[in-house]
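To start, the structure under review is shown below, and the notes come after it.
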Amino acid sequence: MSIFGHERRLFLESETETEQLGRELAHLAMALDSGLTIYLDGDLGMGKTTLSRGVMRGLGHEGAVKSPTYTLVEPYEDLKPPAYHFDLYRLDDPEELEYMGIRDYFSGQYLCLIEWPERGKGLLPEPDLEIHLERDGEGRSVVLRAGSQQGADLLNRLQLIGPSH
């Protein structure tokens with residue numbers, strides 16, 4: 001199966017549905033035998049951190065999930081798989097990622113969520129999955145696009161999110 005053009009489009013009516021999508025992605029990631037890199041794209045306030053919170057809670061994290069805007073990365077190493085939440089919004093130069101050992105985060109069986117991935121261009125690996133969120137009335141329009149065969153397989157197993165969930 002070719003991954004080109006492989007995408008899913010969803011409409012999420014609420015923050016609850018956005019978090020539910022994250023939980024569903026977490027459950028699918030738990031079944032993988034390799035790492036997973038997810039790019040989160042969208043303007044400020046579109047739900048990237050809400051989706052990340054759903055992923056972390058879906059993996060079993062019970063505490064707060066905040067966007068690591070100032071620290072660049074928030075580790076969740078006690079989860080299965082271990083997860084890292086990146087927020088590159090305040091990154092001035094992609095080379096800064098080299099100083100924090102960015103390549104190490106992608107060398108294992110980790111789940112890596114990356115907000116504002118365009119700010120790390122050239123140093124980040126290609127995503128398995130790209131998720132674009134944008135405002136659509138009171139809700140969010142979401143496009144999930146596979147960037148690898150693993151991402152395409154994950155999209156094929158994704159359940160539809162909707163009011164009945």
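Naming works like this for the structure tokens: A, B, ... for the chains as they're shown, residue 1 at the start of each chain, ligands 1 onward in shown order.
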
Query raised in the report: Where in chain A does DSSP assign strand (DSSP E), given as a VMD selection string?
Result: chain A and resid 7 to 12 36 to 41 73 to 76 83 to 87 111 to 115 129 to 136 139 to 146

Would you write out those residues with C-alpha atoms, as a short mmCIF file (atom, residue, chain, number, x, y, z; two decimals), in the first residue's frame?
data_model
loop_
_atom_site.label_atom_id
_atom_site.label_comp_id
_atom_site.auth_asym_id
_atom_site.auth_seq_id
_atom_site.Cartn_x
_atom_site.Cartn_y
_atom_site.Cartn_z
CA GLU A 7 -5.07 10.77 5.20
CA ARG A 8 -8.12 11.01 7.43
CA ARG A 9 -10.27 14.08 7.98
CA LEU A 10 -12.26 14.57 11.15
CA PHE A 11 -14.42 17.21 12.75
CA LEU A 12 -14.06 17.52 16.50
CA LEU A 36 6.41 7.00 16.59
CA THR A 37 6.93 10.63 15.62
CA ILE A 38 3.87 12.88 15.37
CA TYR A 39 3.94 16.47 14.15
CA LEU A 40 1.19 18.73 15.52
CA ASP A 41 0.42 21.70 13.32
CA VAL A 73 10.58 19.22 25.91
CA GLU A 74 8.56 17.55 28.64
CA PRO A 75 9.56 13.92 29.28
CA TYR A 76 7.07 11.22 30.27
CA ALA A 83 6.86 9.74 25.50
CA TYR A 84 8.30 13.18 24.85
CA HIS A 85 6.24 16.30 24.22
CA PHE A 86 8.12 19.02 22.34
CA ASP A 87 6.98 22.61 21.85
CA LEU A 111 6.47 8.38 21.17
CA CYS A 112 7.44 11.95 20.23
CA LEU A 113 4.81 14.67 19.85
CA ILE A 114 6.17 17.85 18.29
CA GLU A 115 4.33 21.17 18.30
CA LEU A 129 1.97 11.13 11.25
CA GLU A 130 1.16 14.81 10.75
CA ILE A 131 -1.90 16.27 12.43
CA HIS A 132 -3.19 19.65 11.33
CA LEU A 133 -5.85 21.38 13.44
CA GLU A 134 -7.80 24.48 12.47
CA ARG A 135 -10.88 26.29 13.67
CA ASP A 136 -14.15 25.25 12.05
CA GLY A 139 -15.11 23.01 16.69
CA ARG A 140 -11.93 21.91 14.96
CA SER A 141 -11.28 20.48 11.54
CA VAL A 142 -8.48 17.92 11.74
CA VAL A 143 -6.42 16.37 8.96
CA LEU A 144 -4.27 13.37 9.86
CA ARG A 145 -1.73 12.56 7.16
CA ALA A 146 0.58 9.54 7.07
#

Report task. Find the residues around Asp78 (chain A) up to 12 Å (only C-alpha atoms counted), leave out those fewer than 6 positions away in its own chain, and share them as number ranges by chain. Result -> A: 56, 59-62, 84, 110

Written selection (N, CA and C atoms) as a PDB file, in the first residue's frame:
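That gives us again-v4.pdb:
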ATOM      1  N   MET A  56      -1.088  11.615  26.413  1.00  0.00           N
ATOM      2  CA  MET A  56      -0.415  11.268  27.665  1.00  0.00           C
ATOM      3  C   MET A  56      -1.362  10.566  28.631  1.00  0.00           C
ATOM      4  N   LEU A  59      -1.881   7.057  27.620  1.00  0.00           N
ATOM      5  CA  LEU A  59      -0.739   6.209  27.977  1.00  0.00           C
ATOM      6  C   LEU A  59      -0.665   5.944  29.478  1.00  0.00           C
ATOM      7  N   GLY A  60      -1.550   6.593  30.250  1.00  0.00           N
ATOM      8  CA  GLY A  60      -1.595   6.333  31.680  1.00  0.00           C
ATOM      9  C   GLY A  60      -1.144   7.465  32.578  1.00  0.00           C
ATOM     10  N   HIS A  61      -0.740   8.599  32.025  1.00  0.00           N
ATOM     11  CA  HIS A  61      -0.310   9.735  32.845  1.00  0.00           C
ATOM     12  C   HIS A  61      -1.527  10.363  33.513  1.00  0.00           C
ATOM     13  N   GLU A  62      -1.421  10.596  34.824  1.00  0.00           N
ATOM     14  CA  GLU A  62      -2.558  11.135  35.568  1.00  0.00           C
ATOM     15  C   GLU A  62      -2.380  12.592  35.977  1.00  0.00           C
ATOM     16  N   TYR A  84       7.705  11.858  24.753  1.00  0.00           N
ATOM     17  CA  TYR A  84       8.302  13.183  24.854  1.00  0.00           C
ATOM     18  C   TYR A  84       7.409  14.165  24.111  1.00  0.00           C
ATOM     19  N   TYR A 110      10.313   5.435  21.291  1.00  0.00           N
ATOM     20  CA  TYR A 110       9.639   6.512  21.991  1.00  0.00           C
ATOM     21  C   TYR A 110       8.511   7.079  21.143  1.00  0.00           C
TER      22      TYR A 110
END

Query raised in the report: Which residues come within 7 Å of region 29-33 of chain A, counting only C-alpha atoms, excluding same-chain residues fewer than 4 positions away, as a list in words?
Result: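 Non-adjacent residues within range: Leu25, Lys80 and Pro81 of chain A.
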
Write the residues of the selection above to a file with N, CA and C atoms, as a PDB file, in the first residue's frame.
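Saved file result24.pdb follows:
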ATOM      1  N   LEU A  25      -5.055   7.664  19.727  1.00  0.00           N
ATOM      2  CA  LEU A  25      -3.704   7.577  19.169  1.00  0.00           C
ATOM      3  C   LEU A  25      -2.752   6.892  20.149  1.00  0.00           C
ATOM      4  N   LYS A  80       4.476   3.766  28.937  1.00  0.00           N
ATOM      5  CA  LYS A  80       4.778   2.705  27.963  1.00  0.00           C
ATOM      6  C   LYS A  80       3.978   2.949  26.703  1.00  0.00           C
ATOM      7  N   PRO A  81       4.593   3.372  25.616  1.00  0.00           N
ATOM      8  CA  PRO A  81       6.012   3.661  25.468  1.00  0.00           C
ATOM      9  C   PRO A  81       6.376   4.996  26.134  1.00  0.00           C
TER      10      PRO A  81
END

Query raised in the report: In Å, with one decimal, what is the gap from CA of Glu95 (chain A) to CA of Gly45 (chain A)?
Result: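 Atom-to-atom, CA of Glu95 (chain A) and CA of Gly45 (chain A) are spaced 26.5 Å apart.
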
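Considering only C-alpha atoms, the residue among A:Gly35, A:Leu72, A:Gly108, A:Leu158 positioned nearest to Asp92 (chain A) is A:Leu72.
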
Query raised in the report: To one decimal place, how far is CA of Trp116 (chain A) from CA of Pro94 (chain A) in Å?
Result: 11.6 Å

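Going from CA of Leu44 (chain A) to CA of Ser67 (chain A) covers 11.5 Å.
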
Query - DSSP alpha helix (DSSP H) residues within chain A, as a ChimeraX atom specification - result: /A:15-30,48-58,96-99,102-105,149-157
